[in-house]
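Engineer: Sharing input.csv here; it has CSV, C-alpha atoms and all ligand atoms.
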chain,number,residue,atom,x,y,z
A,1,MET,CA,-2.9,7.9,-9.3
A,2,SER,CA,-4.8,11.1,-9.8
A,3,SER,CA,-2.8,12.9,-7.1
A,4,ASP,CA,0.2,12.9,-9.4
A,5,HIS,CA,-1.8,15.5,-11.3
A,6,GLU,CA,-2.3,17.7,-8.2
A,7,THR,CA,-0.1,20.7,-7.7
A,8,ALA,CA,3.0,20.0,-5.6
A,9,MET,CA,1.7,22.8,-3.2
A,10,SER,CA,-1.1,20.7,-1.9
A,11,LEU,CA,1.0,17.6,-1.2
A,12,PRO,CA,2.6,16.8,2.2
A,13,PRO,CA,6.4,17.4,2.1
A,14,TRP,CA,7.3,13.7,2.3
A,15,ARG,CA,5.5,12.9,-0.9
A,16,SER,CA,8.2,14.4,-3.1
A,17,LEU,CA,10.9,12.5,-1.1
A,18,LEU,CA,9.0,9.3,-1.6
A,19,ARG,CA,8.6,10.0,-5.3
A,20,SER,CA,12.4,10.7,-5.6
A,21,ALA,CA,13.2,7.4,-3.9
A,22,ARG,CA,10.8,5.5,-6.2
A,23,GLN,CA,12.3,7.1,-9.3
A,24,ARG,CA,15.8,5.9,-8.3
A,25,GLU,CA,14.5,2.3,-8.4
A,26,GLY,CA,13.7,2.7,-12.1
A,27,ARG,CA,11.4,0.0,-13.4
A,28,SER,CA,12.3,-2.6,-10.9
A,29,PRO,CA,9.1,-4.4,-9.9
A,30,GLY,CA,10.2,-4.4,-6.2
A,31,ALA,CA,9.9,-0.6,-6.2
A,32,THR,CA,6.2,-1.0,-5.6
A,33,TRP,CA,6.4,-3.7,-2.9
A,34,LEU,CA,5.8,-2.7,0.6
A,35,GLN,CA,5.1,-4.5,3.9
A,36,LEU,CA,1.8,-4.1,5.7
A,37,ALA,CA,1.6,-4.7,9.4
A,38,THR,CA,-1.8,-5.4,11.0
A,39,THR,CA,-2.9,-6.6,14.4
A,40,ALA,CA,-4.8,-10.0,14.6
A,41,GLU,CA,-7.9,-10.4,16.7
A,42,ASP,CA,-5.7,-12.0,19.6
A,43,GLY,CA,-3.5,-8.8,19.6
A,44,THR,CA,-0.5,-10.5,17.9
A,45,PRO,CA,1.2,-8.9,14.9
A,46,ARG,CA,0.9,-9.9,11.2
A,47,VAL,CA,3.0,-8.7,8.3
A,48,ARG,CA,3.0,-9.4,4.6
A,49,THR,CA,4.0,-7.8,1.3
A,50,LEU,CA,1.5,-5.9,-1.0
A,51,VAL,CA,1.8,-3.8,-4.1
A,52,PHE,CA,1.4,-0.1,-3.9
A,53,ARG,CA,-1.4,0.8,-6.4
A,54,GLY,CA,-1.4,4.6,-6.2
A,55,TRP,CA,-2.8,7.6,-4.3
A,56,SER,CA,-6.5,8.4,-4.0
A,57,PRO,CA,-7.7,11.9,-5.0
A,58,ARG,CA,-7.7,12.7,-1.2
A,59,GLY,CA,-4.1,11.6,-0.8
A,60,ASP,CA,-4.7,8.2,0.8
A,61,LEU,CA,-2.4,5.4,-0.1
A,62,GLU,CA,-4.2,2.7,-2.1
A,63,LEU,CA,-3.6,-1.1,-2.0
A,64,LEU,CA,-5.7,-3.9,-3.4
A,65,THR,CA,-6.7,-7.0,-1.5
A,66,ASP,CA,-9.2,-9.8,-1.2
A,67,VAL,CA,-12.3,-9.7,1.0
A,68,ARG,CA,-11.7,-13.3,1.9
A,69,SER,CA,-8.1,-12.7,3.3
A,70,GLU,CA,-7.3,-12.7,7.0
A,71,LYS,CA,-6.0,-9.1,6.8
A,72,SER,CA,-9.5,-7.9,5.7
A,73,SER,CA,-11.2,-9.3,8.8
A,74,GLN,CA,-8.3,-8.0,11.0
A,75,LEU,CA,-8.8,-4.5,9.7
A,76,LEU,CA,-12.5,-4.5,10.6
A,77,SER,CA,-11.6,-5.0,14.2
A,78,GLN,CA,-8.3,-2.9,14.2
A,79,PRO,CA,-7.9,-0.5,11.3
A,80,ARG,CA,-4.6,0.9,12.6
A,81,VAL,CA,-1.7,-0.2,10.3
A,82,GLU,CA,1.9,0.5,9.7
A,83,LEU,CA,3.6,0.1,6.3
A,84,CYS,CA,7.3,-0.3,5.6
A,85,TRP,CA,8.6,0.6,2.2
A,86,LEU,CA,12.2,-0.1,1.4
A,87,PHE,CA,14.1,1.6,-1.5
A,88,ARG,CA,17.3,-0.4,-2.1
A,89,LYS,CA,19.0,1.9,-4.5
A,90,ALA,CA,18.2,5.0,-2.6
A,91,LYS,CA,19.1,3.2,0.7
A,92,GLU,CA,16.0,4.7,2.2
A,93,GLN,CA,13.2,3.3,4.3
A,94,PHE,CA,9.8,4.9,4.8
A,95,ARG,CA,7.5,3.9,7.6
A,96,LEU,CA,3.9,5.0,7.2
A,97,ARG,CA,1.2,4.8,9.9
A,98,GLY,CA,-2.5,5.3,9.5
A,99,ARG,CA,-6.0,3.9,9.4
A,100,ALA,CA,-7.1,1.5,6.7
A,101,LEU,CA,-10.5,1.7,5.2
A,102,LEU,CA,-11.8,-1.2,3.0
A,103,VAL,CA,-13.8,-0.1,-0.1
A,104,THR,CA,-16.1,-2.5,-2.0
A,105,ALA,CA,-17.4,-2.3,-5.6
A,106,GLU,CA,-20.9,-1.6,-4.2
A,107,GLN,CA,-19.6,1.5,-2.3
A,108,GLU,CA,-17.4,2.9,-5.1
A,109,PRO,CA,-18.0,1.1,-8.4
A,110,GLU,CA,-16.0,3.5,-10.5
A,111,ALA,CA,-12.9,3.4,-8.3
A,112,LEU,CA,-12.9,-0.4,-8.2
A,113,LEU,CA,-13.5,-0.6,-12.0
A,114,ASP,CA,-10.6,1.8,-12.6
A,115,HIS,CA,-8.2,-0.4,-10.6
A,116,TRP,CA,-9.6,-3.6,-12.2
A,117,GLN,CA,-9.0,-2.3,-15.7
A,118,ARG,CA,-5.5,-1.2,-14.8
A,119,LEU,CA,-4.5,-4.7,-13.6
A,120,SER,CA,-3.0,-7.0,-16.2
A,121,PRO,CA,-4.8,-10.2,-17.1
A,122,SER,CA,-2.3,-12.2,-15.0
A,123,GLY,CA,-2.4,-9.6,-12.2
A,124,ARG,CA,-6.2,-10.3,-11.9
A,125,MET,CA,-5.9,-14.1,-11.6
A,126,VAL,CA,-5.5,-14.3,-7.7
A,127,TRP,CA,-9.0,-12.8,-7.2
A,128,ALA,CA,-10.4,-15.8,-9.3
A,129,TRP,CA,-8.6,-18.4,-7.2
A,130,PRO,CA,-10.1,-20.2,-4.2
A,131,SER,CA,-10.1,-18.6,-0.7
A,132,PRO,CA,-6.6,-17.5,0.3
A,133,GLY,CA,-5.2,-19.2,3.4
A,134,GLU,CA,-7.5,-22.3,3.2
A,135,PRO,CA,-6.1,-25.8,2.8
A,136,PHE,CA,-4.9,-26.3,-0.8
A,137,ASP,CA,-7.7,-27.2,-3.1
A,138,ALA,CA,-6.4,-29.1,-6.1
A,139,GLN,CA,-9.7,-28.7,-7.9
A,140,GLY,CA,-9.1,-24.9,-8.1
A,141,PRO,CA,-10.1,-23.2,-10.3
A,142,TRP,CA,-6.5,-21.8,-10.8
A,143,PRO,CA,-6.8,-19.6,-13.9
A,144,GLN,CA,-3.6,-17.9,-15.2
A,145,GLU,CA,-5.4,-14.9,-16.6
A,146,VAL,CA,-8.6,-13.0,-16.3
A,147,ALA,CA,-9.5,-11.2,-19.5
A,148,ASP,CA,-10.1,-7.4,-19.7
A,149,ASP,CA,-13.8,-7.9,-20.4
A,150,GLU,CA,-14.5,-10.0,-17.4
A,151,PRO,CA,-16.6,-8.2,-14.7
A,152,ILE,CA,-14.9,-7.0,-11.5
A,153,SER,CA,-14.2,-9.9,-9.1
A,154,SER,CA,-16.6,-9.7,-6.1
A,155,HIS,CA,-13.5,-10.5,-4.0
A,156,LEU,CA,-11.6,-7.3,-4.9
A,157,LEU,CA,-11.3,-4.6,-2.3
A,158,ILE,CA,-9.4,-1.3,-2.3
A,159,MET,CA,-7.6,-0.8,1.0
A,160,ARG,CA,-7.3,3.0,1.4
A,161,VAL,CA,-4.8,4.0,4.1
A,162,ALA,CA,-5.4,7.5,5.6
A,163,LEU,CA,-1.8,8.4,6.7
A,164,GLU,CA,-1.2,10.1,10.1
A,165,ARG,CA,2.6,9.7,10.5
A,166,VAL,CA,5.4,9.2,8.0
A,167,GLU,CA,9.1,8.6,8.9
A,168,GLN,CA,12.0,8.5,6.6
A,169,LEU,CA,15.5,7.0,7.2
A,170,ASP,CA,18.1,7.8,4.6
A,171,LEU,CA,21.4,5.8,5.0
A,172,LYS,CA,23.3,7.9,2.3
A,173,PRO,CA,24.5,10.8,4.4
A,174,HIS,CA,26.7,10.7,7.5
A,175,PRO,CA,25.2,10.7,10.0
A,176,HIS,CA,22.1,9.0,8.6
A,177,LEU,CA,19.1,11.2,8.1
A,178,ARG,CA,16.0,10.4,10.0
A,179,ARG,CA,12.9,12.6,10.1
A,180,SER,CA,9.2,12.3,10.8
A,181,TRP,CA,6.1,14.2,9.9
A,182,GLU,CA,2.7,14.1,11.6
A,183,LEU,CA,-0.6,15.1,10.1
A,184,ARG,CA,-1.7,16.6,13.5
A,185,ASP,CA,1.3,19.0,13.2
A,186,GLY,CA,0.4,20.1,9.7
A,187,TRP,CA,3.1,17.6,8.4
A,188,HIS,CA,5.7,19.7,10.1
A,189,GLU,CA,9.2,18.1,9.8
A,190,GLN,CA,10.9,16.8,12.9
A,191,ARG,CA,14.5,15.6,12.6
A,192,LEU,CA,15.4,12.6,14.8
A,193,ASN,CA,18.5,10.8,15.8
A,194,PRO,CA,19.0,7.9,13.4
A,201,LIG,C1,5.6,-9.5,-4.3
A,201,LIG,C2,4.3,-9.8,-3.6
A,201,LIG,C3,3.2,-8.9,-3.9
A,201,LIG,C4,2.0,-9.1,-3.3
A,201,LIG,N1,0.9,-8.2,-3.5
A,201,LIG,C5,-0.2,-8.4,-2.9
A,201,LIG,C6,-1.3,-7.4,-3.1
A,201,LIG,O1,-1.1,-6.4,-3.8
A,201,LIG,N2,-2.5,-7.6,-2.4
A,201,LIG,C7,-2.6,-8.7,-1.6
A,201,LIG,O2,-3.7,-8.8,-1.0
A,201,LIG,N3,-1.7,-9.7,-1.4
A,201,LIG,C8,-0.5,-9.5,-2.1
A,201,LIG,N4,0.5,-10.4,-1.9
A,201,LIG,C9,0.2,-11.6,-1.0
A,201,LIG,C10,0.3,-11.2,0.5
A,201,LIG,O3,1.7,-11.0,0.8
A,201,LIG,C11,-0.3,-12.3,1.4
A,201,LIG,O4,0.4,-13.5,1.2
A,201,LIG,C12,-1.8,-12.5,1.1
A,201,LIG,O5,-2.4,-11.2,0.8
A,201,LIG,C13,-2.5,-13.1,2.3
A,201,LIG,O6,-2.2,-12.3,3.5
A,201,LIG,P1,-3.1,-12.4,4.8
A,201,LIG,O7,-3.4,-13.9,5.0
A,201,LIG,O8,-2.3,-11.8,5.8
A,201,LIG,O9,-4.4,-11.7,4.6
A,201,LIG,C14,1.8,-10.2,-2.4
A,201,LIG,C15,2.8,-11.1,-2.2
A,201,LIG,C16,4.1,-10.9,-2.8
A,201,LIG,C17,5.2,-11.8,-2.5
Go through the file and emit its structure as structure tokens.
Structural biologist:
Amino acid sequence: MSSDHETAMSLPPWRSLLRSARQREGRSPGATWLQLATTAEDGTPRVRTLVFRGWSPRGDLELLTDVRSEKSSQLLSQPRVELCWLFRKAKEQFRLRGRALLVTAEQEPEALLDHWQRLSPSGRMVWAWPSPGEPFDAQGPWPQEVADDEPISSHLLIMRVALERVEQLDLKPHPHLRRSWELRDGWHEQRLNP
């Protein structure tokens, strides 16, 4: 979240557009849900919903996940990802492409602890559950909460996406507004046909 404190000057131009679209959603929980597409080891696509957790100090998009999940192993063999973030009230879609890096508590204890402490007790529960994607285990454990003073789950990972291309589609104007920015062009804006 620290980049919210950075000066607007240092941020890529699409960051303020993304922030405006988020603000229009108000406190709706869906405003932080985005879809993450990865490539499985056999080359076929996988997509699922994750919660946006903030921006790293370097401007990478941060998500949280579980080291035991399939996406984690997929990212080790293919770190290229695309995210799709829909803002219903703003009628805007952002597609964000980049490379995902998985960060463990051993690598960056303070960053992991910061995220862990910001999670609610019920938000932490999934990291205390049995391995995701395995056949259902009635024995569990299936806790409903993990207290603030519990140590960081060894399953927690930060997924940091270093973005290389961002595209916005805004359905409000006529014709629709579609534009892209690429890191290699210094985030220069390119308007596209919708
Ligand atoms: C609203 C919503 C939010 C979710 N947020 C996360 C999240 O932040 N991190 C996460 O790893 N999984 C999250 N999930 C679960 C994933 O969509 C997915 O089912 C799980 O991570 C296993 O994915 P995989 O088998 O592709 O690795 C969320 C699911 C929903 C419906």
Engineer: Counting only C-alpha atoms and all ligand atoms, what are the residues of chain A within 7 Å of ligand LIG 201 (chain A), and for each of them which pair of atoms is the nearest and at what distance in Å, to one decimal? Sort the table by chain and rising number, as a tab-separated table.
Structural biologist:
residue	atom	partner	partner_atom	distance
A:Trp33	CA	A:LIG201	C1	6.0
A:Arg46	CA	A:LIG201	O8	6.6
A:Val47	CA	A:LIG201	O8	6.6
A:Arg48	CA	A:LIG201	O3	4.3
A:Thr49	CA	A:LIG201	O3	4.0
A:Leu50	CA	A:LIG201	N1	3.4
A:Val51	CA	A:LIG201	O1	3.9
A:Phe52	CA	A:LIG201	O1	6.8
A:Leu63	CA	A:LIG201	O1	6.1
A:Leu64	CA	A:LIG201	N2	5.0
A:Thr65	CA	A:LIG201	O2	3.5
A:Asp66	CA	A:LIG201	O2	5.6
A:Ser69	CA	A:LIG201	O9	4.0
A:Glu70	CA	A:LIG201	O9	3.9
A:Lys71	CA	A:LIG201	O9	3.8
A:Ser72	CA	A:LIG201	O9	6.5
A:Pro132	CA	A:LIG201	C13	6.3
A:Gly133	CA	A:LIG201	O7	5.8
Engineer: Which residues are close to A:Glu106, i.e. within 12 Å by all atoms listed in the file, leaving aside same-chain residues fewer than 5 positions away? Reply as number ranges by chain.
Structural biologist: A: 111-113, 152-158
Engineer: Using only C-alpha atoms, can you tell me which of A:Gly98, A:Arg191, A:Pro13, A:Pro121 comes closest to A:Asp60?
Structural biologist: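 Using only C-alpha atoms, the shortest distance to A:Asp60 belongs to A:Gly98.
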Engineer: In Å, how far is it from atom CA of A:Trp14 to atom CA of A:Gln35?
Structural biologist: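 Going from atom CA of A:Trp14 over to atom CA of A:Gln35 covers 18.4 Å.
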Engineer: Closest to A:Ser56 among A:Val103, A:Asp148, A:Pro173, A:Leu183, using all atoms listed in the file?
Structural biologist: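 Using all atoms listed in the file, A:Ser56 sits closest to A:Val103.
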Engineer: So, with all atoms listed in the file as the atoms that count, which of A:Glu164, A:Glu150, A:Glu110, A:Asp137 lies closest to A:Val81?
Structural biologist: A:Glu164
Engineer: Which of these residues is nearest to A:Val146, using all atoms listed in the file: A:His174, A:Arg160, A:Leu102, A:Gln117?
Structural biologist: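 Looking at the shortest contact to A:Val146, the residue is A:Gln117.
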Engineer: Between A:Gly59, A:Ser77, A:Glu108, A:Pro141, single out the one closest to A:Ser10, counting only C-alpha atoms.
Structural biologist: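 For A:Ser10, the nearest of the given residues is A:Gly59.
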Engineer: From the options A:Val67, A:Leu83, A:Leu192, A:Ala128, which residue's atoms come nearest to A:Arg95, counting only C-alpha atoms?
Structural biologist: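 Of all the options, A:Leu83 lies closest to A:Arg95.
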Engineer: What is the distance, in Å and to one decimal place, between atom CA of A:Leu119 and atom CA of A:Cys84?
Structural biologist: 23.0 Å
